[in-house]
Amino acid sequence: MSDSKPVRVRFAPSPTGPLHIGGARTALYNWLFAQTQGGTFLLRVDDTDHARSSEESLNNILDGMRWLVMDWDEGPDKGCDFGPYFQMQRMGGYKPRLEKLVAEGRAYPCFCTPEQVQEGRERQEKEGGRPMYDRRCRSLEAAEAKSRVEEGEAHTIRFAMPEGKIVIDDLIKGSVEVDLAEIDDWVMMRADGTPLYNLCSTLDDLDMEITHIIRGEEHFVNGVKQVLLFQALGHEPPRFAHLPLILGKNGKKLSKRMAQTNLPDYRDQGYPPKAIVNFFTLLGWGFDAEREIFTMEEAIERFSLDKVQKSGSILDDEKMSWMCGVYIRNESRAELLGHVTPFLVAEGLCTEEEVAQHRAWFENLVACYQERVRTYGELPPKVVHYLRGFEDYEPKAWKNLNKKEGTAELLEAYKESLAALALPPSRPDRLDEADTTVLLPTDKVEEVPAEGSTPFLYPKHIENAAHALAKSREIGFGQLVHPIRAALTGSAMGPSLFDVVYLLGREECERRLDRAIAALSK
RNA sequence: GUCCCCAUCGUCUAGCUAGGUCCAGGACGCCAGGUUUUCAUCCUGGUAACAGGGGUUCAAAUCCCCUUGGGGAUACCA
């Protein structure tokens with residue numbers, strides 16, 4: 001039984017486009033399986049579709065795998081015993097065995113043109129049968145075939161399908177009986193002499209001692225062809241596990257219309273890779289009855305192929321989004337800032353140097369938005385006003401400013417009350433101590449020291465002052481807070497207002513209050 | 001069309017292998033409350049499913065059959 005051999009699995013993408021999320025999940029399940037078995041996970045590039053393969057796609061796939069932290073034990077960039085890991089570089093091994101199969105009558109040259117084959121298919125379909133190659137070249141005399149080949153006549157090599165039935169014992173689908181008469185005499189080698197997927201893949205899996213082939217369900221019929229080829233070659237085939245597909249919201253095969261299908265897009269928008277991996281692991285497999293958030297280490301402890309769902313699953317991007325939020329909320333402020341910085345820089349809001357210089361302030365800033373974003377990419381637009389100011393008041397904010405008579409005067413009073421408080425200075429004169437001593441957001445601060453006992457004012461103290469002001473003017477706290485938020489941020493939403501005041505610092509708060517007062521008096 | 005696979009809340013799933021503990025559990029979403037200076041987070045509660053029909057059995061979400069529905073495959077693509 002192949003089970004006794006050391007487990008070796010492979011992810012074998014064809015570099016014809018960016019890494020698709022379906023492919024990423026296939027890779028993930030292979031990786032997971034290898035981990036659970038203490039086996040080897042290798043990456044092989046199935047680039048026999050030379051017309052569509054590109055180096056760009058290859059790099060894209062490799063980057064995507066690395067981003068998801070699925071490391072491979074063997075692959076294109078690693079020197080190992082079973083290389084090379086590009087099929088196009090393994091050509092030498094294909095020809096002799098192909099010739100042997102022809103000599104044995106297990107494969108045969110076919111001189112039909114694509115057009116002739118197509119006609120044959122259409123005719124059969126019209127007659128109510130299955131659209132298959134009519135196998136006319138299979139009955140050619142061996143000698144005749146040989147001489148035509150030697151004369152250089154264009155031909156493909158087809159596999160001579162045996163008769164009868166075969167039972168595939170799929171690790172996910174279970175036993176499936178297939179009538180061989182349903183399957184074409186498939187082409188192993190093109191007329192131009194280049195080999196095709198089912199040939200290369202089989203030979204490579206054989207040579208690389210692959211024990212388990214885990215891949216998408218669309219390959220199921222290929223599995224039958226490959227088993228037959230293994231047998232024709234006199235070898236025990238590996239075990240197969242065909243994963244159900246990921247479907248779009250309408251239950252149809254996932255397409256670009258329905259969701260993002262390319263992994264790089266998720267990375268570019270700032271989805272946390274761990275959340276993606278968690279989510280895709282869960283899509284088609286259940287951790288247990290109660291939990292859906294888990295680490296890969298935990299998944300490895302209990303992952304098994306026979307627990308994989310047999311039916312396709314619809315990608316629910318709302319749930320994925322929720323899960324991303326969970327992961328972001330669980331990050332430390334330093335991790336969060338590390339992940340967000342590239343997005344801030346890409347938006348031109350700051351440079352890496354600035355972040356490094358004012359690390360404490362930036363950590364406080366992003367920490368205030370940690371519960372308000374689900375991807376790293378959502379953060380920059382929310383914090384742009386701290387770094388660049390804002391152009392116009394949002395309609396809702398403007399309404400909050402204008403709701404009542406006397407708001408300008410109220411803002412003036414607030415500004416004066418601020419003058420009495422020990423607010424930290426605004427950037428660029430900000431002091432690091434202001435943000436290393438006082439950590440935001442306040443609702444995560446457990447204990448606030450008494451006012452005056454520390455050199456820096458806590459947002460809580462700023463809030464106390466605001467309460468006092470509201471009381472003295474006999475207005476509700478909300479009546480005070482809403483216009484101030486609008487004046488300070490141009491928006492009606494955001495973190496605790498006094499965290500905002502703290503982050504902005506004295507001069508900037510005064511500036512923005514003045515601006516609002518001026519705007520109101522127009 | 002033909003062949004293969006699948007079928008639990010709108011969605012992801014637990015339960016099905018060894019039928020009773022399931023008038024079906026969790027999560028996302030949604031709805032309603034609570035916390036709160038807004039938004040978000042958080043907490044509480046609610047909504048909602050065994051596709052249909054036949055069997056087998058004392059007993060079926062769990063086993064069998066049919067129907068229906070969905071998916072995949074039918075390339076000198078992978």
# chains A, B, ... in the order shown; residues from 1 in each chain; ligands from 1
>>> select_by_dssp(residues="stretch 33-129 of chain A", states="strand (DSSP E)", output="list in words")
Thr40, Phe41, Leu42, Leu43, Ala107, Tyr108, Pro109 and Cys110 of chain A
>>> closest_atom_pairs(of="chain B", to="chain A", cutoff="8 Å", atoms="only C-alpha atoms (C1' of nucleotides)", output="JSON lines")
{"residue": "B:G1", "atom": "C1'", "partner": "A:Gly128", "partner_atom": "CA", "distance": 7.1}
{"residue": "B:U2", "atom": "C1'", "partner": "A:Arg130", "partner_atom": "CA", "distance": 5.7}
{"residue": "B:C3", "atom": "C1'", "partner": "A:Glu182", "partner_atom": "CA", "distance": 6.5}
{"residue": "B:C4", "atom": "C1'", "partner": "A:Val178", "partner_atom": "CA", "distance": 7.6}
{"residue": "B:C5", "atom": "C1'", "partner": "A:Lys173", "partner_atom": "CA", "distance": 7.6}
{"residue": "B:C6", "atom": "C1'", "partner": "A:Ser311", "partner_atom": "CA", "distance": 5.1}
{"residue": "B:A7", "atom": "C1'", "partner": "A:Ser311", "partner_atom": "CA", "distance": 7.9}
{"residue": "B:U11", "atom": "C1'", "partner": "A:Asp316", "partner_atom": "CA", "distance": 6.0}
{"residue": "B:C12", "atom": "C1'", "partner": "A:Leu283", "partner_atom": "CA", "distance": 6.5}
{"residue": "B:U13", "atom": "C1'", "partner": "A:Gly286", "partner_atom": "CA", "distance": 6.2}
{"residue": "B:A14", "atom": "C1'", "partner": "A:Ala289", "partner_atom": "CA", "distance": 4.3}
{"residue": "B:G25", "atom": "C1'", "partner": "A:Ala289", "partner_atom": "CA", "distance": 7.1}
{"residue": "B:G26", "atom": "C1'", "partner": "A:Glu290", "partner_atom": "CA", "distance": 4.6}
{"residue": "B:A27", "atom": "C1'", "partner": "A:Glu292", "partner_atom": "CA", "distance": 6.9}
{"residue": "B:C28", "atom": "C1'", "partner": "A:Lys319", "partner_atom": "CA", "distance": 4.7}
{"residue": "B:G29", "atom": "C1'", "partner": "A:Glu318", "partner_atom": "CA", "distance": 7.4}
{"residue": "B:U37", "atom": "C1'", "partner": "A:Gly478", "partner_atom": "CA", "distance": 5.4}
{"residue": "B:U38", "atom": "C1'", "partner": "A:Met493", "partner_atom": "CA", "distance": 4.9}
{"residue": "B:C39", "atom": "C1'", "partner": "A:Met493", "partner_atom": "CA", "distance": 4.5}
{"residue": "B:A40", "atom": "C1'", "partner": "A:Arg372", "partner_atom": "CA", "distance": 4.8}
{"residue": "B:U41", "atom": "C1'", "partner": "A:Glu371", "partner_atom": "CA", "distance": 5.6}
{"residue": "B:G70", "atom": "C1'", "partner": "A:Gly251", "partner_atom": "CA", "distance": 7.6}
{"residue": "B:G71", "atom": "C1'", "partner": "A:Gly312", "partner_atom": "CA", "distance": 7.0}
{"residue": "B:G72", "atom": "C1'", "partner": "A:Glu218", "partner_atom": "CA", "distance": 5.7}
{"residue": "B:A73", "atom": "C1'", "partner": "A:Val221", "partner_atom": "CA", "distance": 6.6}
{"residue": "B:U74", "atom": "C1'", "partner": "A:Pro131", "partner_atom": "CA", "distance": 7.4}
{"residue": "B:C76", "atom": "C1'", "partner": "A:Arg190", "partner_atom": "CA", "distance": 4.6}
{"residue": "B:C77", "atom": "C1'", "partner": "A:Asp49", "partner_atom": "CA", "distance": 6.9}
{"residue": "B:A78", "atom": "C1'", "partner": "A:Ser14", "partner_atom": "CA", "distance": 6.3}
>>> select_by_dssp(residues="stretch 444-513 of chain A", states="alpha helix (DSSP H)", output="ChimeraX atom specification")
/A:459-472,477-489,497-504,506-513
>>> atom_distance(atom1="atom CA of A:Asp204", atom2="atom CA of A:Met91")
10.1 Å
>>> atom_distance(atom1="atom C1' of B:U62", atom2="atom CA of A:Leu305")
20.8 Å
>>> residues_around(residues="stretch 354-361 of chain A", least_positions_apart="3", cutoff="7 Å", atoms="only C-alpha atoms (C1' of nucleotides)", output="list in words")
Cys350, Thr351, Asn364, Leu365, Asp432, Asp435 and Thr436 of chain A
>>> write_last_selection(atoms="C-alpha atoms", output="PDB file, in the first residue's frame")
ATOM      1  CA  CYS A 350       3.539  59.735   5.495  1.00  0.00           C
ATOM      2  CA  THR A 351       6.906  58.099   4.968  1.00  0.00           C
ATOM      3  CA  ASN A 364      -1.703  55.423  19.342  1.00  0.00           C
ATOM      4  CA  LEU A 365      -3.254  56.599  16.124  1.00  0.00           C
ATOM      5  CA  ASP A 432       7.225  61.074  22.263  1.00  0.00           C
ATOM      6  CA  ASP A 435       2.367  58.775  23.544  1.00  0.00           C
ATOM      7  CA  THR A 436       4.575  56.409  25.439  1.00  0.00           C
TER       8      THR A 436
END
>>> residues_around(residues="A:Asn464", least_positions_apart="5", cutoff="12 Å", atoms="only C-alpha atoms (C1' of nucleotides)", output="PyMOL selection string")
chain A and resi 417-418+421+450-451+457-459+469-471+477+498
>>> atom_distance(atom1="atom CA of A:Arg215", atom2="atom CA of A:Asp73")
18.3 Å
>>> residues_around(residues="B:C9", least_positions_apart="5", cutoff="10 Å", atoms="only C-alpha atoms (C1' of nucleotides)", output="count of residues only")
4
>>> closest_residue(among="A:Ser147, A:Ser426, A:Thr375, A:Thr40", to="A:Glu209", atoms="only C-alpha atoms")
A:Thr40
>>> residues_around(residues="A:Ala107", least_positions_apart="4", cutoff="6 Å", atoms="only C-alpha atoms (C1' of nucleotides)", output="list of chain:residue names")
A:Leu101, A:Val102, A:Arg158, A:Phe159, A:Ala160
